[in-house]
$ cat query_27.cif   # mmCIF, C-alpha atoms; chains and numbers go by the auth columns
data_query
#
loop_
_atom_site.group_PDB
_atom_site.id
_atom_site.type_symbol
_atom_site.label_atom_id
_atom_site.label_comp_id
_atom_site.label_asym_id
_atom_site.label_seq_id
_atom_site.Cartn_x
_atom_site.Cartn_y
_atom_site.Cartn_z
_atom_site.B_iso_or_equiv
_atom_site.auth_seq_id
_atom_site.auth_asym_id
ATOM 1 C CA MET A 1 83.722 137.127 127.389 0.00 1033 A
ATOM 2 C CA LEU A 2 85.486 138.959 124.572 0.00 1034 A
ATOM 3 C CA ALA A 3 89.091 138.362 123.575 0.00 1035 A
ATOM 4 C CA LYS A 4 90.830 140.973 121.449 0.00 1036 A
ATOM 5 C CA VAL A 5 93.932 139.959 119.533 0.00 1037 A
ATOM 6 C CA PHE A 6 96.281 142.511 117.965 0.00 1038 A
ATOM 7 C CA VAL A 7 98.808 141.271 115.435 0.00 1039 A
ATOM 8 C CA THR A 8 101.550 143.674 114.370 0.00 1040 A
ATOM 9 C CA LEU A 9 104.711 143.352 112.335 0.00 1041 A
ATOM 10 C CA LYS A 10 107.840 143.086 114.444 0.00 1042 A
ATOM 11 C CA ASN A 11 110.097 146.110 114.593 0.00 1043 A
ATOM 12 C CA GLY A 12 112.480 146.052 111.687 0.00 1044 A
ATOM 13 C CA VAL A 13 110.134 144.201 109.355 0.00 1045 A
ATOM 14 C CA LEU A 14 109.301 146.360 106.347 0.00 1046 A
ATOM 15 C CA ASP A 15 105.648 147.359 106.093 0.00 1047 A
ATOM 16 C CA PRO A 16 104.967 148.458 102.493 0.00 1048 A
ATOM 17 C CA GLN A 17 101.229 148.765 103.159 0.00 1049 A
ATOM 18 C CA GLY A 18 101.872 151.139 106.040 0.00 1050 A
ATOM 19 C CA LYS A 19 104.310 153.107 103.892 0.00 1051 A
ATOM 20 C CA ALA A 20 101.679 153.401 101.159 0.00 1052 A
ATOM 21 C CA ILE A 21 99.122 154.708 103.670 0.00 1053 A
ATOM 22 C CA HIS A 22 101.673 157.178 105.021 0.00 1054 A
ATOM 23 C CA HIS A 23 102.467 158.401 101.524 0.00 1055 A
ATOM 24 C CA ALA A 24 98.769 158.685 100.639 0.00 1056 A
ATOM 25 C CA ALA A 25 98.111 160.671 103.804 0.00 1057 A
ATOM 26 C CA GLU A 26 100.850 163.143 102.977 0.00 1058 A
ATOM 27 C CA SER A 27 99.801 163.489 99.367 0.00 1059 A
ATOM 28 C CA ILE A 28 96.271 164.529 100.393 0.00 1060 A
ATOM 29 C CA GLY A 29 97.557 167.042 102.902 0.00 1061 A
ATOM 30 C CA TYR A 30 97.808 165.367 106.307 0.00 1062 A
ATOM 31 C CA GLN A 31 100.830 166.633 108.208 0.00 1063 A
ATOM 32 C CA GLY A 32 102.616 165.578 111.359 0.00 1064 A
ATOM 33 C CA ILE A 33 102.585 161.855 110.632 0.00 1065 A
ATOM 34 C CA ALA A 34 105.955 160.242 111.330 0.00 1066 A
ATOM 35 C CA ASP A 35 105.102 156.623 110.521 0.00 1067 A
ATOM 36 C CA VAL A 36 102.168 154.283 109.842 0.00 1068 A
ATOM 37 C CA ARG A 37 102.166 150.546 110.552 0.00 1069 A
ATOM 38 C CA GLN A 38 99.282 148.301 109.594 0.00 1070 A
ATOM 39 C CA GLY A 39 98.293 145.299 111.637 0.00 1071 A
ATOM 40 C CA LYS A 40 95.394 142.940 112.108 0.00 1072 A
ATOM 41 C CA TYR A 41 92.738 142.938 114.777 0.00 1073 A
ATOM 42 C CA PHE A 42 90.499 140.069 115.835 0.00 1074 A
ATOM 43 C CA GLU A 43 87.532 140.052 118.178 0.00 1075 A
ATOM 44 C CA ILE A 44 86.878 136.553 119.477 0.00 1076 A
ATOM 45 C CA GLN A 45 83.612 136.092 121.338 0.00 1077 A
ATOM 46 C CA LEU A 46 84.053 133.283 123.859 0.00 1078 A
ATOM 47 C CA ASP A 47 81.363 131.236 125.517 0.00 1079 A
ATOM 48 C CA ALA A 48 80.262 132.768 128.801 0.00 1080 A
ATOM 49 C CA GLY A 49 81.376 130.868 131.883 0.00 1081 A
ATOM 50 C CA LEU A 50 84.816 129.904 130.621 0.00 1082 A
ATOM 51 C CA ASP A 51 87.579 130.239 133.165 0.00 1083 A
ATOM 52 C CA GLU A 52 89.435 133.458 132.323 0.00 1084 A
ATOM 53 C CA ALA A 53 92.946 132.101 132.841 0.00 1085 A
ATOM 54 C CA LEU A 54 92.196 129.061 130.696 0.00 1086 A
ATOM 55 C CA ALA A 55 90.548 131.213 128.045 0.00 1087 A
ATOM 56 C CA ARG A 56 93.589 133.490 127.926 0.00 1088 A
ATOM 57 C CA SER A 57 96.018 130.614 127.511 0.00 1089 A
ATOM 58 C CA GLN A 58 93.880 129.107 124.734 0.00 1090 A
ATOM 59 C CA VAL A 59 93.559 132.423 122.907 0.00 1091 A
ATOM 60 C CA GLU A 60 97.324 133.045 123.275 0.00 1092 A
ATOM 61 C CA LYS A 61 97.984 129.647 121.728 0.00 1093 A
ATOM 62 C CA PHE A 62 95.478 130.304 118.938 0.00 1094 A
ATOM 63 C CA ALA A 63 97.033 133.731 118.240 0.00 1095 A
ATOM 64 C CA HIS A 64 100.494 132.171 118.108 0.00 1096 A
ATOM 65 C CA ASP A 65 99.582 129.149 116.012 0.00 1097 A
ATOM 66 C CA VAL A 66 96.917 130.481 113.658 0.00 1098 A
ATOM 67 C CA LEU A 67 96.368 134.230 113.688 0.00 1099 A
ATOM 68 C CA SER A 68 99.985 135.364 113.437 0.00 1100 A
ATOM 69 C CA ASN A 69 103.235 134.413 111.795 0.00 1101 A
ATOM 70 C CA PRO A 70 105.614 134.477 114.777 0.00 1102 A
ATOM 71 C CA VAL A 71 108.631 134.806 112.496 0.00 1103 A
ATOM 72 C CA ILE A 72 107.689 138.327 111.468 0.00 1104 A
ATOM 73 C CA GLU A 73 104.743 139.276 113.678 0.00 1105 A
ATOM 74 C CA ASP A 74 104.048 139.973 117.330 0.00 1106 A
ATOM 75 C CA TYR A 75 100.656 139.475 118.920 0.00 1107 A
ATOM 76 C CA ARG A 76 98.948 140.771 122.011 0.00 1108 A
ATOM 77 C CA VAL A 77 95.829 139.405 123.718 0.00 1109 A
ATOM 78 C CA GLU A 78 93.338 141.335 125.845 0.00 1110 A
ATOM 79 C CA ILE A 79 90.466 139.621 127.630 0.00 1111 A
ATOM 80 C CA SER A 80 87.502 141.710 128.719 0.00 1112 A
ATOM 81 C CA MET B 1 102.544 160.457 120.353 0.00 1228 B
ATOM 82 C CA LEU B 2 100.999 157.237 119.097 0.00 1229 B
ATOM 83 C CA ALA B 3 97.510 156.969 117.630 0.00 1230 B
ATOM 84 C CA LYS B 4 95.905 153.547 117.406 0.00 1231 B
ATOM 85 C CA VAL B 5 93.013 153.084 114.997 0.00 1232 B
ATOM 86 C CA PHE B 6 90.750 150.036 115.113 0.00 1233 B
ATOM 87 C CA VAL B 7 88.490 149.383 112.150 0.00 1234 B
ATOM 88 C CA THR B 8 85.773 146.760 112.536 0.00 1235 B
ATOM 89 C CA LEU B 9 82.820 145.680 110.455 0.00 1236 B
ATOM 90 C CA LYS B 10 79.517 147.065 111.669 0.00 1237 B
ATOM 91 C CA ASN B 11 77.176 144.700 113.433 0.00 1238 B
ATOM 92 C CA GLY B 12 75.050 142.901 110.894 0.00 1239 B
ATOM 93 C CA VAL B 13 77.657 143.004 108.134 0.00 1240 B
ATOM 94 C CA LEU B 14 78.683 139.492 107.159 0.00 1241 B
ATOM 95 C CA ASP B 15 82.330 138.658 107.907 0.00 1242 B
ATOM 96 C CA PRO B 16 83.289 135.615 105.806 0.00 1243 B
ATOM 97 C CA GLN B 17 86.943 135.877 106.835 0.00 1244 B
ATOM 98 C CA GLY B 18 85.964 135.756 110.510 0.00 1245 B
ATOM 99 C CA LYS B 19 83.677 132.812 109.804 0.00 1246 B
ATOM 100 C CA ALA B 20 86.536 130.985 108.075 0.00 1247 B
ATOM 101 C CA ILE B 21 88.817 131.566 111.081 0.00 1248 B
ATOM 102 C CA HIS B 22 86.074 130.357 113.422 0.00 1249 B
ATOM 103 C CA HIS B 23 85.567 127.232 111.342 0.00 1250 B
ATOM 104 C CA ALA B 24 89.311 126.580 111.155 0.00 1251 B
ATOM 105 C CA ALA B 25 89.625 126.968 114.922 0.00 1252 B
ATOM 106 C CA GLU B 26 86.895 124.424 115.532 0.00 1253 B
ATOM 107 C CA SER B 27 88.259 121.978 113.011 0.00 1254 B
ATOM 108 C CA ILE B 28 91.639 121.886 114.757 0.00 1255 B
ATOM 109 C CA GLY B 29 90.052 121.389 118.138 0.00 1256 B
ATOM 110 C CA TYR B 30 89.547 124.794 119.785 0.00 1257 B
ATOM 111 C CA GLN B 31 86.331 124.859 121.779 0.00 1258 B
ATOM 112 C CA GLY B 32 84.306 127.552 123.465 0.00 1259 B
ATOM 113 C CA ILE B 33 84.523 130.070 120.613 0.00 1260 B
ATOM 114 C CA ALA B 34 81.161 131.666 119.865 0.00 1261 B
ATOM 115 C CA ASP B 35 82.183 134.052 117.095 0.00 1262 B
ATOM 116 C CA VAL B 36 85.232 135.586 115.395 0.00 1263 B
ATOM 117 C CA ARG B 37 85.299 138.967 113.664 0.00 1264 B
ATOM 118 C CA GLN B 38 88.325 140.244 111.804 0.00 1265 B
ATOM 119 C CA GLY B 39 89.204 143.906 111.662 0.00 1266 B
ATOM 120 C CA LYS B 40 92.131 146.143 110.849 0.00 1267 B
ATOM 121 C CA TYR B 41 94.532 147.859 113.173 0.00 1268 B
ATOM 122 C CA PHE B 42 96.761 150.852 112.452 0.00 1269 B
ATOM 123 C CA GLU B 43 99.503 152.380 114.550 0.00 1270 B
ATOM 124 C CA ILE B 44 100.150 155.964 113.502 0.00 1271 B
ATOM 125 C CA GLN B 45 103.240 157.581 114.972 0.00 1272 B
ATOM 126 C CA LEU B 46 102.660 161.329 115.198 0.00 1273 B
ATOM 127 C CA ASP B 47 105.253 164.050 115.484 0.00 1274 B
ATOM 128 C CA ALA B 48 106.005 164.906 119.093 0.00 1275 B
ATOM 129 C CA GLY B 49 104.671 168.234 120.262 0.00 1276 B
ATOM 130 C CA LEU B 50 101.392 168.101 118.371 0.00 1277 B
ATOM 131 C CA ASP B 51 98.391 169.316 120.341 0.00 1278 B
ATOM 132 C CA GLU B 52 96.528 166.193 121.480 0.00 1279 B
ATOM 133 C CA ALA B 53 93.026 167.466 120.740 0.00 1280 B
ATOM 134 C CA LEU B 54 94.067 168.588 117.263 0.00 1281 B
ATOM 135 C CA ALA B 55 95.880 165.307 116.649 0.00 1282 B
ATOM 136 C CA ARG B 56 92.796 163.339 117.670 0.00 1283 B
ATOM 137 C CA SER B 57 90.500 165.293 115.368 0.00 1284 B
ATOM 138 C CA GLN B 58 92.924 164.841 112.460 0.00 1285 B
ATOM 139 C CA VAL B 59 93.305 161.127 113.070 0.00 1286 B
ATOM 140 C CA GLU B 60 89.510 160.738 113.409 0.00 1287 B
ATOM 141 C CA LYS B 61 89.089 162.460 110.041 0.00 1288 B
ATOM 142 C CA PHE B 62 91.816 160.308 108.493 0.00 1289 B
ATOM 143 C CA ALA B 63 90.228 157.135 109.890 0.00 1290 B
ATOM 144 C CA HIS B 64 86.841 158.163 108.526 0.00 1291 B
ATOM 145 C CA ASP B 65 88.028 159.299 105.103 0.00 1292 B
ATOM 146 C CA VAL B 66 90.853 156.902 104.315 0.00 1293 B
ATOM 147 C CA LEU B 67 91.278 153.960 106.680 0.00 1294 B
ATOM 148 C CA SER B 68 87.672 152.796 106.855 0.00 1295 B
ATOM 149 C CA ASN B 69 84.606 152.461 104.694 0.00 1296 B
ATOM 150 C CA PRO B 70 81.976 154.158 106.871 0.00 1297 B
ATOM 151 C CA VAL B 71 79.159 152.407 104.999 0.00 1298 B
ATOM 152 C CA ILE B 72 80.089 149.024 106.432 0.00 1299 B
ATOM 153 C CA GLU B 73 82.801 149.720 109.007 0.00 1300 B
ATOM 154 C CA ASP B 74 83.140 151.417 112.376 0.00 1301 B
ATOM 155 C CA TYR B 75 86.392 152.897 113.618 0.00 1302 B
ATOM 156 C CA ARG B 76 87.776 153.815 117.000 0.00 1303 B
ATOM 157 C CA VAL B 77 90.770 156.037 117.780 0.00 1304 B
ATOM 158 C CA GLU B 78 92.999 155.881 120.850 0.00 1305 B
ATOM 159 C CA ILE B 79 95.745 158.429 121.469 0.00 1306 B
ATOM 160 C CA SER B 80 98.536 157.545 123.861 0.00 1307 B
#

$ encode --input "query_27.cif" --output "structure tokens"
Amino acid sequence: MLAKVFVTLKNGVLDPQGKAIHHAAESIGYQGIADVRQGKYFEIQLDAGLDEALARSQVEKFAHDVLSNPVIEDYRVEIS
Amino acid sequence: MLAKVFVTLKNGVLDPQGKAIHHAAESIGYQGIADVRQGKYFEIQLDAGLDEALARSQVEKFAHDVLSNPVIEDYRVEIS
């Protein structure tokens, strides 16, 4: 079972890294980009045979407590 | 139109950051985790009205040339 966790900055939080990527893209000729935001992505391989609902709640807790800073970041969990 | 780009280390490339997260998770009591891999995630807001096929090819090129290191990283693009 694979859990994917996406961590992104909350709306309204400045993202200088994203701005730098946006600026770089424009300076080398890419057009049509309105905004770039950078986030983090984690693939967590879980032991087979775990209960999916339990696994999701554990990964949600882990994402909240360890992988993200809930003051400035949102997270999203997908289990597949 | 929103493009999401996922950049992950290729299989076989060591991921010390993922290993550190895995170790930290176990040391604070999370069980059932077999492996953790860390990647990067980008949300690219594109101008409305762009042709989707053209947008995808441009974002694929941008992901290949700028957002990832194709020697050690894979990337995946989703347009929504």

$ residues_around --input "query_27.cif" --residues "range 1104-1107 of chain A" --least-positions-apart "5" --cutoff "7 Å" --atoms "only C-alpha atoms" --output "PyMOL selection string"
chain A and resi 1037-1042+1045+1095

$ interface_residues --input "query_27.cif" --of "chain B" --to "chain A" --cutoff "9 Å" --atoms "all atoms listed in the file" --output "ChimeraX atom specification"
/B:1233-1235,1245,1248-1249,1251-1252,1257-1275,1277,1282,1285,1289,1293-1294

$ atom_distance --input "query_27.cif" --atom1 "CA of Ile1255 in chain B" --atom2 "CA of His1096 in chain A"
14.0 Å

$ atom_distance --input "query_27.cif" --atom1 "CA of Glu1279 in chain B" --atom2 "CA of Glu1058 in chain A"
19.2 Å
